[in-house]
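K.L.:
The following file, coords.cif, comprises mmCIF, C-alpha atoms:
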data_coords
#
loop_
_atom_site.label_atom_id
_atom_site.label_comp_id
_atom_site.auth_asym_id
_atom_site.auth_seq_id
_atom_site.Cartn_x
_atom_site.Cartn_y
_atom_site.Cartn_z
CA MET A 1 84.19 91.33 171.91
CA TYR A 2 87.47 91.24 170.06
CA THR A 3 89.88 88.58 168.93
CA ALA A 4 93.45 89.12 170.03
CA ARG A 5 96.33 87.78 168.02
CA ILE A 6 97.62 84.46 169.30
CA LEU A 7 101.37 84.35 169.67
CA ILE A 8 102.69 80.86 170.29
CA GLY A 9 105.02 80.73 173.26
CA MET A 10 104.63 84.47 173.96
CA SER A 11 102.15 86.60 175.86
CA VAL A 12 100.31 89.30 173.97
CA SER A 13 101.39 92.76 175.14
CA GLY A 14 98.94 95.43 176.23
CA ARG A 15 99.95 97.47 173.20
CA ASP A 16 99.22 94.57 170.84
CA ARG A 17 95.85 93.92 172.48
CA ALA A 18 94.98 97.59 172.18
CA TYR A 19 96.15 97.75 168.57
CA ASP A 20 94.14 94.69 167.52
CA TYR A 21 91.02 95.90 169.31
CA LEU A 22 91.24 99.40 167.90
CA ARG A 23 92.03 98.36 164.33
CA ASN A 24 89.74 95.34 164.02
CA THR A 25 86.78 96.39 166.17
CA VAL A 26 86.64 100.14 166.78
CA LEU A 27 87.92 101.34 163.41
CA ALA A 28 85.79 98.76 161.59
CA ASP A 29 82.63 100.42 162.93
CA PRO A 30 81.26 103.01 160.47
CA ALA A 31 79.61 104.83 163.38
CA ALA A 32 83.07 105.63 164.77
CA GLN A 33 84.00 107.71 161.72
CA GLY A 34 84.15 111.42 162.44
CA THR A 35 84.52 110.91 166.21
CA PHE A 36 87.25 111.25 168.81
CA LEU A 37 88.34 108.22 170.81
CA SER A 38 88.46 108.18 174.60
CA GLU A 39 91.71 106.58 175.74
CA GLN A 40 90.21 105.79 179.14
CA ASP A 41 87.11 104.19 177.64
CA ILE A 42 89.21 101.92 175.41
CA ALA A 43 91.52 101.07 178.34
CA ASP A 44 88.53 100.11 180.48
CA ARG A 45 87.03 97.96 177.74
CA ILE A 46 90.09 95.73 177.28
CA GLY A 47 91.61 95.98 180.76
CA VAL A 48 94.88 97.80 180.16
CA SER A 49 96.33 101.13 181.25
CA ARG A 50 96.28 104.21 179.02
CA THR A 51 99.97 103.87 178.10
CA PRO A 52 99.52 100.91 175.71
CA ILE A 53 96.45 102.66 174.27
CA ARG A 54 98.63 105.67 173.41
CA GLU A 55 101.29 103.39 171.90
CA ALA A 56 98.67 101.64 169.76
CA LEU A 57 97.26 104.98 168.62
CA LEU A 58 100.73 106.07 167.53
CA MET A 59 100.97 102.93 165.39
CA LEU A 60 97.54 103.57 163.89
CA SER A 61 98.45 107.18 163.23
CA ALA A 62 101.50 106.01 161.29
CA GLU A 63 99.11 103.93 159.16
CA GLU A 64 96.89 107.01 158.71
CA LEU A 65 93.93 105.24 160.29
CA VAL A 66 93.60 107.88 163.02
CA ARG A 67 94.73 111.48 163.36
CA LEU A 68 96.30 112.65 166.61
CA VAL A 69 94.95 116.13 167.34
CA PRO A 70 96.78 118.16 170.04
CA LYS A 71 94.66 118.63 173.19
CA ARG A 72 91.80 116.67 171.59
CA GLY A 73 93.08 113.13 171.20
CA ALA A 74 92.73 110.57 168.44
CA TYR A 75 90.26 111.37 165.67
CA ILE A 76 88.83 108.75 163.29
CA PRO A 77 88.45 110.44 159.90
CA GLU A 78 85.64 109.59 157.51
CA LEU A 79 86.57 107.82 154.29
CA THR A 80 86.33 110.33 151.45
CA ALA A 81 85.17 109.55 147.92
CA GLY A 82 88.79 109.79 146.77
CA GLU A 83 89.95 107.34 149.43
CA LEU A 84 87.19 104.91 148.49
CA ARG A 85 88.36 105.02 144.86
CA GLU A 86 91.98 104.51 145.87
CA LEU A 87 91.07 101.58 148.11
CA ILE A 88 89.18 99.86 145.30
CA GLU A 89 92.05 100.48 142.86
CA LEU A 90 94.58 98.98 145.28
CA ARG A 91 92.39 96.00 146.05
CA GLY A 92 91.95 95.40 142.34
CA VAL A 93 95.70 95.31 141.72
CA LEU A 94 96.28 92.88 144.58
CA GLU A 95 93.30 90.62 143.94
CA ARG A 96 93.85 90.30 140.19
CA PHE A 97 97.51 89.48 140.79
CA ALA A 98 96.49 86.84 143.32
CA ALA A 99 94.01 85.32 140.85
CA ASP A 100 96.69 85.09 138.16
CA ARG A 101 99.13 83.52 140.62
CA VAL A 102 96.80 80.84 142.01
CA LEU A 103 95.58 79.87 138.54
CA ALA A 104 99.14 79.58 137.23
CA ALA A 105 100.06 77.42 140.23
CA GLY A 106 96.83 75.41 140.23
CA THR A 107 96.17 76.36 143.84
CA ALA A 108 92.89 78.28 143.60
CA PRO A 109 91.19 77.81 147.02
CA ILE A 110 87.77 77.00 145.61
CA ASP A 111 86.42 75.11 148.64
CA GLU A 112 87.53 77.83 151.07
CA LEU A 113 86.02 80.54 148.90
CA ARG A 114 82.71 78.68 148.67
CA ALA A 115 82.68 78.25 152.46
CA ALA A 116 83.23 81.99 152.96
CA LEU A 117 80.50 82.70 150.42
CA ALA A 118 78.10 80.40 152.27
CA ASP A 119 78.88 82.24 155.51
CA GLN A 120 77.48 85.44 153.98
CA THR A 121 73.99 84.01 153.50
CA GLY A 122 71.29 85.17 155.90
CA LYS A 123 73.60 87.21 158.15
CA ASP A 124 73.40 90.72 159.61
CA ASP A 125 75.35 93.43 157.78
CA LYS A 126 78.47 93.31 160.01
CA THR A 127 78.76 89.51 159.82
CA PHE A 128 78.06 89.65 156.09
CA ILE A 129 80.94 92.07 155.51
CA GLU A 130 83.27 90.15 157.83
CA ALA A 131 82.66 87.08 155.65
CA ASP A 132 83.08 89.26 152.55
CA THR A 133 86.47 90.41 153.81
CA ARG A 134 87.44 86.82 154.57
CA PHE A 135 86.42 85.75 151.05
CA HIS A 136 88.81 88.22 149.43
CA THR A 137 91.59 87.60 151.95
CA ILE A 138 91.47 83.85 151.26
CA LEU A 139 92.15 84.53 147.58
CA VAL A 140 95.04 86.90 148.28
CA ARG A 141 96.61 84.60 150.89
CA ALA A 142 96.44 81.67 148.45
CA ALA A 143 98.92 83.49 146.20
CA GLY A 144 101.66 82.45 148.63
CA ASN A 145 103.24 85.90 148.89
CA GLU A 146 103.45 86.85 152.58
CA MET A 147 104.27 90.50 151.93
CA LEU A 148 101.33 90.77 149.55
CA ALA A 149 99.05 89.17 152.14
CA ARG A 150 100.22 91.49 154.92
CA THR A 151 99.69 94.51 152.70
CA TYR A 152 96.16 93.36 151.88
CA GLU A 153 95.31 92.56 155.49
CA SER A 154 96.47 96.02 156.57
CA LEU A 155 93.46 97.31 154.61
CA ARG A 156 91.02 95.31 156.74
CA ALA A 157 89.51 98.17 158.77
CA ARG A 158 88.95 100.25 155.64
CA HIS A 159 87.63 97.18 153.81
CA VAL A 160 85.02 96.48 156.49
CA VAL A 161 83.89 100.10 156.84
CA SER A 162 83.70 100.68 153.08
CA GLY A 163 81.85 97.37 152.67
CA LEU A 164 79.21 98.44 155.17
CA VAL A 165 78.93 101.76 153.34
CA ALA A 166 78.37 99.89 150.06
CA LEU A 167 75.46 97.92 151.54
CA GLN A 168 73.68 101.25 152.07
CA GLY A 169 74.21 102.23 148.43
CA GLY A 170 70.96 100.81 147.12
CA PRO A 171 68.44 97.98 147.46
CA GLY A 172 69.59 94.52 146.51
CA ARG A 173 73.30 95.15 147.08
CA ARG A 174 73.67 92.12 149.36
CA GLU A 175 72.22 89.80 146.70
CA ALA A 176 74.40 91.43 144.06
CA VAL A 177 77.54 90.85 146.15
CA LEU A 178 76.70 87.16 146.50
CA ALA A 179 76.19 86.86 142.73
CA GLU A 180 79.45 88.72 142.04
CA HIS A 181 81.36 86.48 144.45
CA GLU A 182 79.83 83.41 142.81
CA ALA A 183 81.04 84.70 139.42
CA ILE A 184 84.57 85.05 140.80
CA VAL A 185 84.54 81.50 142.19
CA THR A 186 83.10 80.10 138.96
CA ALA A 187 85.79 81.81 136.88
CA LEU A 188 88.56 80.59 139.19
CA ALA A 189 87.18 77.05 139.13
CA ALA A 190 87.22 77.14 135.32
CA GLY A 191 90.94 77.95 135.47
CA ASP A 192 90.85 80.86 133.03
CA PRO A 193 92.61 84.01 134.32
CA GLY A 194 90.90 86.38 131.88
CA PRO A 195 87.34 85.82 133.12
CA ALA A 196 88.61 85.69 136.71
CA ARG A 197 90.19 89.12 136.39
CA GLU A 198 87.06 90.44 134.71
CA ALA A 199 84.83 89.08 137.49
CA ILE A 200 87.01 90.69 140.16
CA THR A 201 86.99 94.01 138.31
CA ALA A 202 83.21 93.92 137.79
CA HIS A 203 82.66 93.22 141.49
CA LEU A 204 84.96 96.00 142.68
CA ASP A 205 83.52 98.49 140.18
CA ALA A 206 79.99 97.70 141.39
CA THR A 207 81.13 98.05 145.00
CA LEU A 208 82.60 101.48 144.31
CA ARG A 209 79.44 102.65 142.56
CA ALA A 210 77.39 101.60 145.59
CA GLN A 211 79.78 103.40 147.93
CA LEU A 212 79.76 106.62 145.94
CA ALA A 213 75.97 106.57 145.69
CA ILE A 214 75.71 107.78 149.30
CA ARG A 215 78.81 110.00 149.38
#
For this file, write the structure as C-alpha coordinates.
P.N.:
Amino acid sequence: MYTARILIGMSVSGRDRAYDYLRNTVLADPAAQGTFLSEQDIADRIGVSRTPIREALLMLSAEELVRLVPKRGAYIPELTAGELRELIELRGVLERFAADRVLAAGTAPIDELRAALADQTGKDDKTFIEADTRFHTILVRAAGNEMLARTYESLRARHVVSGLVALQGGPGRREAVLAEHEAIVTALAAGDPGPAREAITAHLDATLRAQLAIR
(Lines of atoms letter the chains of each structure in order from A and count residues from 1; the text may use other names and numbers.)
(Lines give C-alpha, C1' and ligand atoms only; values in the text may rest on other atoms or scores of the structure.)
Protein backbone atom coordinates (compact mmCIF):
# COMPACT_ATOMS: atom_id res chain seq x y z
CA MET A 1 0.00 0.00 0.00
CA TYR A 2 1.04 3.58 -0.52
CA THR A 3 -0.05 6.93 0.78
CA ALA A 4 -0.85 9.48 -1.90
CA ARG A 5 -0.46 13.16 -1.26
CA ILE A 6 -3.70 14.85 -0.26
CA LEU A 7 -4.40 18.02 -2.18
CA ILE A 8 -7.25 20.03 -0.73
CA GLY A 9 -9.79 21.00 -3.35
CA MET A 10 -7.85 19.23 -6.13
CA SER A 11 -7.68 15.68 -7.44
CA VAL A 12 -4.34 13.94 -7.42
CA SER A 13 -3.08 13.36 -10.97
CA GLY A 14 -1.95 9.98 -12.23
CA ARG A 15 1.57 11.35 -12.51
CA ASP A 16 1.53 12.51 -8.88
CA ARG A 17 0.18 9.15 -7.69
CA ALA A 18 2.87 7.35 -9.66
CA TYR A 19 5.59 9.68 -8.39
CA ASP A 20 4.59 9.27 -4.74
CA TYR A 21 4.30 5.50 -5.05
CA LEU A 22 7.62 5.12 -6.83
CA ARG A 23 9.57 7.47 -4.56
CA ASN A 24 8.07 6.54 -1.21
CA THR A 25 7.38 2.82 -1.67
CA VAL A 26 9.37 1.30 -4.54
CA LEU A 27 12.58 3.29 -4.17
CA ALA A 28 12.47 2.92 -0.38
CA ASP A 29 12.82 -0.86 -0.74
CA PRO A 30 16.48 -1.95 -0.57
CA ALA A 31 15.62 -5.05 -2.60
CA ALA A 32 14.77 -2.80 -5.56
CA GLN A 33 18.34 -1.50 -5.81
CA GLY A 34 20.18 -2.79 -8.84
CA THR A 35 16.97 -3.72 -10.70
CA PHE A 36 14.97 -2.41 -13.64
CA LEU A 37 11.40 -1.26 -13.13
CA SER A 38 8.50 -2.56 -15.19
CA GLU A 39 6.30 0.36 -16.25
CA GLN A 40 3.36 -1.97 -16.82
CA ASP A 41 3.73 -3.62 -13.41
CA ILE A 42 3.76 -0.24 -11.64
CA ALA A 43 0.79 0.94 -13.73
CA ASP A 44 -1.19 -2.16 -12.78
CA ARG A 45 -0.37 -1.78 -9.09
CA ILE A 46 -1.75 1.76 -8.77
CA GLY A 47 -4.36 1.71 -11.54
CA VAL A 48 -3.02 4.23 -14.05
CA SER A 49 -1.81 4.04 -17.64
CA ARG A 50 1.86 3.86 -18.55
CA THR A 51 2.00 7.53 -19.59
CA PRO A 52 1.93 8.97 -16.04
CA ILE A 53 4.44 6.28 -15.01
CA ARG A 54 6.85 7.55 -17.68
CA GLU A 55 6.26 11.16 -16.56
CA ALA A 56 6.98 10.22 -12.94
CA LEU A 57 10.14 8.37 -13.97
CA LEU A 58 11.36 11.46 -15.81
CA MET A 59 10.92 13.45 -12.59
CA LEU A 60 12.78 10.81 -10.59
CA SER A 61 15.54 10.72 -13.17
CA ALA A 62 15.97 14.48 -12.78
CA GLU A 63 16.45 13.84 -9.05
CA GLU A 64 18.99 11.10 -9.89
CA LEU A 65 16.91 8.48 -8.08
CA VAL A 66 16.59 6.35 -11.22
CA ARG A 67 18.56 6.08 -14.45
CA LEU A 68 16.72 5.87 -17.76
CA VAL A 69 18.54 3.33 -19.92
CA PRO A 70 17.65 3.29 -23.65
CA LYS A 71 15.77 0.11 -24.66
CA ARG A 72 15.97 -1.18 -21.07
CA GLY A 73 13.86 1.20 -19.02
CA ALA A 74 14.31 2.72 -15.59
CA TYR A 75 17.15 1.35 -13.47
CA ILE A 76 17.39 1.82 -9.69
CA PRO A 77 21.08 2.22 -8.86
CA GLU A 78 22.58 0.92 -5.64
CA LEU A 79 23.79 3.49 -3.12
CA THR A 80 27.58 3.56 -3.23
CA ALA A 81 29.86 4.11 -0.23
CA GLY A 82 30.56 7.62 -1.52
CA GLU A 83 26.85 8.41 -1.80
CA LEU A 84 26.23 7.11 1.71
CA ARG A 85 28.95 9.46 3.03
CA GLU A 86 27.53 12.40 1.10
CA LEU A 87 24.02 11.68 2.37
CA ILE A 88 25.20 11.62 5.98
CA GLU A 89 27.18 14.84 5.48
CA LEU A 90 24.15 16.61 4.01
CA ARG A 91 21.84 15.35 6.72
CA GLY A 92 24.29 16.54 9.34
CA VAL A 93 24.36 20.08 7.94
CA LEU A 94 20.57 20.28 7.81
CA GLU A 95 19.86 18.62 11.15
CA ARG A 96 22.44 20.60 13.13
CA PHE A 97 21.12 23.83 11.62
CA ALA A 98 17.59 22.82 12.59
CA ALA A 99 18.70 22.05 16.15
CA ASP A 100 20.34 25.47 16.48
CA ARG A 101 17.24 27.18 15.08
CA VAL A 102 14.67 25.46 17.31
CA LEU A 103 16.77 25.99 20.42
CA ALA A 104 17.25 29.68 19.63
CA ALA A 105 13.50 30.04 19.08
CA GLY A 106 12.49 27.85 22.01
CA THR A 107 10.44 25.63 19.73
CA ALA A 108 12.16 22.26 20.10
CA PRO A 109 9.42 19.64 19.40
CA ILE A 110 10.28 17.43 22.36
CA ASP A 111 6.89 15.72 22.69
CA GLU A 112 6.71 14.92 18.96
CA LEU A 113 10.25 13.57 18.97
CA ARG A 114 9.51 11.35 21.98
CA ALA A 115 6.37 10.04 20.25
CA ALA A 116 8.36 9.16 17.12
CA LEU A 117 10.99 7.51 19.30
CA ALA A 118 8.33 5.44 21.05
CA ASP A 119 7.00 4.33 17.66
CA GLN A 120 10.36 2.68 16.94
CA THR A 121 10.11 0.26 19.85
CA GLY A 122 9.29 -3.36 19.05
CA LYS A 123 8.70 -2.82 15.32
CA ASP A 124 9.89 -4.63 12.20
CA ASP A 125 12.85 -3.10 10.36
CA LYS A 126 10.81 -1.18 7.76
CA THR A 127 8.46 0.34 10.36
CA PHE A 128 11.44 1.08 12.60
CA ILE A 129 13.18 3.06 9.85
CA GLU A 130 9.96 4.82 8.82
CA ALA A 131 9.68 6.07 12.41
CA ASP A 132 13.40 6.90 12.36
CA THR A 133 12.89 9.04 9.26
CA ARG A 134 9.89 10.72 10.88
CA PHE A 135 11.96 11.48 14.01
CA HIS A 136 14.56 13.40 12.02
CA THR A 137 12.00 15.08 9.77
CA ILE A 138 10.11 16.40 12.80
CA LEU A 139 13.27 18.16 13.97
CA VAL A 140 14.01 19.68 10.57
CA ARG A 141 10.41 20.80 10.02
CA ALA A 142 10.36 22.48 13.44
CA ALA A 143 13.03 24.92 12.20
CA GLY A 144 10.27 26.72 10.30
CA ASN A 145 12.15 26.93 7.01
CA GLU A 146 9.96 25.44 4.27
CA MET A 147 12.74 25.25 1.69
CA LEU A 148 14.98 23.49 4.19
CA ALA A 149 12.20 21.03 5.00
CA ARG A 150 11.49 20.29 1.34
CA THR A 151 15.18 19.71 0.69
CA TYR A 152 15.37 17.29 3.61
CA GLU A 153 12.20 15.45 2.64
CA SER A 154 13.52 14.98 -0.90
CA LEU A 155 16.11 12.68 0.70
CA ARG A 156 13.42 10.38 2.11
CA ALA A 157 13.88 7.41 -0.24
CA ARG A 158 17.65 7.44 0.27
CA HIS A 159 17.16 7.93 4.01
CA VAL A 160 14.92 4.86 4.30
CA VAL A 161 17.10 2.61 2.14
CA SER A 162 20.34 3.67 3.86
CA GLY A 163 18.68 3.25 7.26
CA LEU A 164 17.72 -0.33 6.44
CA VAL A 165 21.28 -0.93 5.25
CA ALA A 166 22.60 0.40 8.58
CA LEU A 167 20.47 -2.09 10.54
CA GLN A 168 22.39 -4.87 8.80
CA GLY A 169 25.72 -3.37 9.82
CA GLY A 170 26.09 -5.26 13.06
CA PRO A 171 24.23 -6.71 16.06
CA GLY A 172 22.61 -4.27 18.42
CA ARG A 173 22.24 -1.44 15.90
CA ARG A 174 18.53 -1.01 16.60
CA GLU A 175 19.16 -0.57 20.33
CA ALA A 176 22.02 1.82 19.57
CA VAL A 177 19.77 3.96 17.35
CA LEU A 178 17.20 4.25 20.14
CA ALA A 179 19.90 5.31 22.60
CA GLU A 180 21.33 7.83 20.13
CA HIS A 181 17.88 9.30 19.47
CA GLU A 182 17.27 9.54 23.21
CA ALA A 183 20.56 11.45 23.56
CA ILE A 184 19.42 13.91 20.88
CA VAL A 185 16.08 14.48 22.62
CA THR A 186 17.74 14.87 26.01
CA ALA A 187 20.17 17.46 24.66
CA LEU A 188 17.39 19.40 22.94
CA ALA A 189 15.27 19.32 26.09
CA ALA A 190 18.20 20.75 28.05
CA GLY A 191 18.28 23.69 25.63
CA ASP A 192 22.01 23.61 24.96
CA PRO A 193 22.91 23.68 21.25
CA GLY A 194 26.45 22.36 21.73
CA PRO A 195 25.48 18.96 23.16
CA ALA A 196 22.56 18.77 20.71
CA ARG A 197 24.88 19.19 17.74
CA GLU A 198 27.30 16.67 19.23
CA ALA A 199 24.51 14.12 19.75
CA ILE A 200 23.34 14.51 16.15
CA THR A 201 26.89 14.15 14.85
CA ALA A 202 27.57 11.07 17.00
CA HIS A 203 24.37 9.43 15.76
CA LEU A 204 25.06 10.12 12.10
CA ASP A 205 28.70 9.02 12.39
CA ALA A 206 27.59 5.73 13.98
CA THR A 207 24.99 5.27 11.25
CA LEU A 208 27.60 5.74 8.54
CA ARG A 209 29.96 3.27 10.19
CA ALA A 210 27.18 0.67 10.26
CA GLN A 211 26.35 1.32 6.60
CA LEU A 212 29.94 1.04 5.45
CA ALA A 213 30.45 -2.16 7.43
CA ILE A 214 28.53 -4.11 4.79
CA ARG A 215 29.62 -2.13 1.72
K.L.:
Kindly provide the residues of region 56-106 of chain A that approach region 174-189 of chain A to within 9 Å, each paired with its closest atom pair and their distance in Å to one decimal, based on only C-alpha atoms, listed by chain and increasing number, as a tab-separated table.
P.N.:
residue	atom	partner	partner_atom	distance
A:Ala99	CA	A:Leu188	CA	7.4
A:Val102	CA	A:Leu188	CA	8.7
A:Leu103	CA	A:Leu188	CA	7.1
K.L.:
Kindly indicate which residue among A:Glu130, A:Asp111, A:Asp100, A:Asp205 lies nearest to Asp192 (chain A), using all atoms listed in the file for the distances.
P.N.:
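Answer, going by the shortest atom-to-atom distance: A:Asp100.
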K.L.:
When distances are computed from only C-alpha atoms, which of A:Ile129, A:Ala143, A:Ala74, A:Ala104 shows the smallest separation from Arg173 (chain A)?
P.N.:
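Nearest to Arg173 (chain A): A:Ile129.
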K.L.:
List the neighbours of Leu57 (chain A) out to 10 Å using all atoms listed in the file; skip same-chain residues closer than 3 positions along the sequence, and give me the result as a ChimeraX atom specification.
P.N.:
/A:15,18-19,22-23,37,39,51-54,60-63,65-68,73-75
K.L.:
Of the residues A:Arg114, A:Arg134, A:Arg101, A:Arg141, which is the one nearest to Gly191 (chain A), using only C-alpha atoms?
P.N.:
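Smallest separation from Gly191 (chain A) among the options: A:Arg101.
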K.L.:
How many Å lie between CA of Asp29 (chain A) and CA of Thr127 (chain A), rounded to one decimal?
P.N.:
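We find that CA of Asp29 (chain A) and CA of Thr127 (chain A) lie 12.0 Å from each other.
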K.L.:
Could you check how far CA of Gly92 (chain A) sits from CA of Leu204 (chain A), in Å to one decimal?
P.N.:
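That distance, rounded to one decimal, is 7.0 Å.
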K.L.:
Tell me, as an mmCIF file with C-alpha atoms, in the coordinates of the input, which residues lie within 12 Å of region 83-90 of chain A, counting only C-alpha atoms; anything in the same chain fewer than 5 positions away does not count.
P.N.:
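Saved result, part-v2.cif, follows:
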data_model
loop_
_atom_site.group_PDB
_atom_site.id
_atom_site.type_symbol
_atom_site.label_atom_id
_atom_site.label_comp_id
_atom_site.auth_asym_id
_atom_site.auth_seq_id
_atom_site.Cartn_x
_atom_site.Cartn_y
_atom_site.Cartn_z
ATOM 1 C CA GLU A 64 96.890 107.010 158.710
ATOM 2 C CA LEU A 65 93.930 105.240 160.290
ATOM 3 C CA PRO A 77 88.450 110.440 159.900
ATOM 4 C CA GLU A 78 85.640 109.590 157.510
ATOM 5 C CA GLU A 95 93.300 90.620 143.940
ATOM 6 C CA ARG A 96 93.850 90.300 140.190
ATOM 7 C CA PHE A 97 97.510 89.480 140.790
ATOM 8 C CA LEU A 148 101.330 90.770 149.550
ATOM 9 C CA THR A 151 99.690 94.510 152.700
ATOM 10 C CA TYR A 152 96.160 93.360 151.880
ATOM 11 C CA SER A 154 96.470 96.020 156.570
ATOM 12 C CA LEU A 155 93.460 97.310 154.610
ATOM 13 C CA ARG A 156 91.020 95.310 156.740
ATOM 14 C CA ALA A 157 89.510 98.170 158.770
ATOM 15 C CA ARG A 158 88.950 100.250 155.640
ATOM 16 C CA HIS A 159 87.630 97.180 153.810
ATOM 17 C CA VAL A 160 85.020 96.480 156.490
ATOM 18 C CA VAL A 161 83.890 100.100 156.840
ATOM 19 C CA SER A 162 83.700 100.680 153.080
ATOM 20 C CA GLY A 163 81.850 97.370 152.670
ATOM 21 C CA VAL A 165 78.930 101.760 153.340
ATOM 22 C CA ALA A 166 78.370 99.890 150.060
ATOM 23 C CA ILE A 200 87.010 90.690 140.160
ATOM 24 C CA THR A 201 86.990 94.010 138.310
ATOM 25 C CA ALA A 202 83.210 93.920 137.790
ATOM 26 C CA HIS A 203 82.660 93.220 141.490
ATOM 27 C CA LEU A 204 84.960 96.000 142.680
ATOM 28 C CA ASP A 205 83.520 98.490 140.180
ATOM 29 C CA ALA A 206 79.990 97.700 141.390
ATOM 30 C CA THR A 207 81.130 98.050 145.000
ATOM 31 C CA LEU A 208 82.600 101.480 144.310
ATOM 32 C CA ARG A 209 79.440 102.650 142.560
ATOM 33 C CA ALA A 210 77.390 101.600 145.590
ATOM 34 C CA GLN A 211 79.780 103.400 147.930
ATOM 35 C CA LEU A 212 79.760 106.620 145.940
ATOM 36 C CA ALA A 213 75.970 106.570 145.690
ATOM 37 C CA ILE A 214 75.710 107.780 149.300
ATOM 38 C CA ARG A 215 78.810 110.000 149.380
#
K.L.:
Would you mind telling me which residue in A:Ala108, A:Val48, A:Ala43, A:Leu79 lies nearest to Leu27 (chain A) when using all atoms listed in the file?
P.N.:
A:Leu79
K.L.:
Rounded to one decimal, what separation in Å do you get between CA of Glu55 (chain A) and CA of Pro70 (chain A)?
P.N.:
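Going from CA of Glu55 (chain A) over to CA of Pro70 (chain A), I get 15.6 Å.
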K.L.:
Considering only C-alpha atoms, state which residue in the set A:Ala131, A:Thr121, A:Ala98, A:Ser38 is at the smallest distance from Arg197 (chain A).
P.N.:
A:Ala98
K.L.:
Skipping near chain neighbours, those fewer than 2 positions away, what residues fall within 9 Å of Ile46 (chain A) using only C-alpha atoms, listed as a PyMOL selection string?
P.N.:
chain A and resi 2+14+17-18+21+41-44+48
K.L.:
Taking the file above as input, evaluate the PyMOL selection byres ((chain A and resi 35) around 6) and report the hits as a PDB file with C-alpha atoms, in the coordinates of the input.
P.N.:
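Heads up, here's the output in expr_22.pdb:
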ATOM      1  CA  ALA A  32      83.070 105.630 164.770  1.00  0.00           C
ATOM      2  CA  GLN A  33      84.000 107.710 161.720  1.00  0.00           C
ATOM      3  CA  GLY A  34      84.150 111.420 162.440  1.00  0.00           C
ATOM      4  CA  PHE A  36      87.250 111.250 168.810  1.00  0.00           C
ATOM      5  CA  TYR A  75      90.260 111.370 165.670  1.00  0.00           C
ATOM      6  CA  ILE A  76      88.830 108.750 163.290  1.00  0.00           C
TER       7      ILE A  76
END
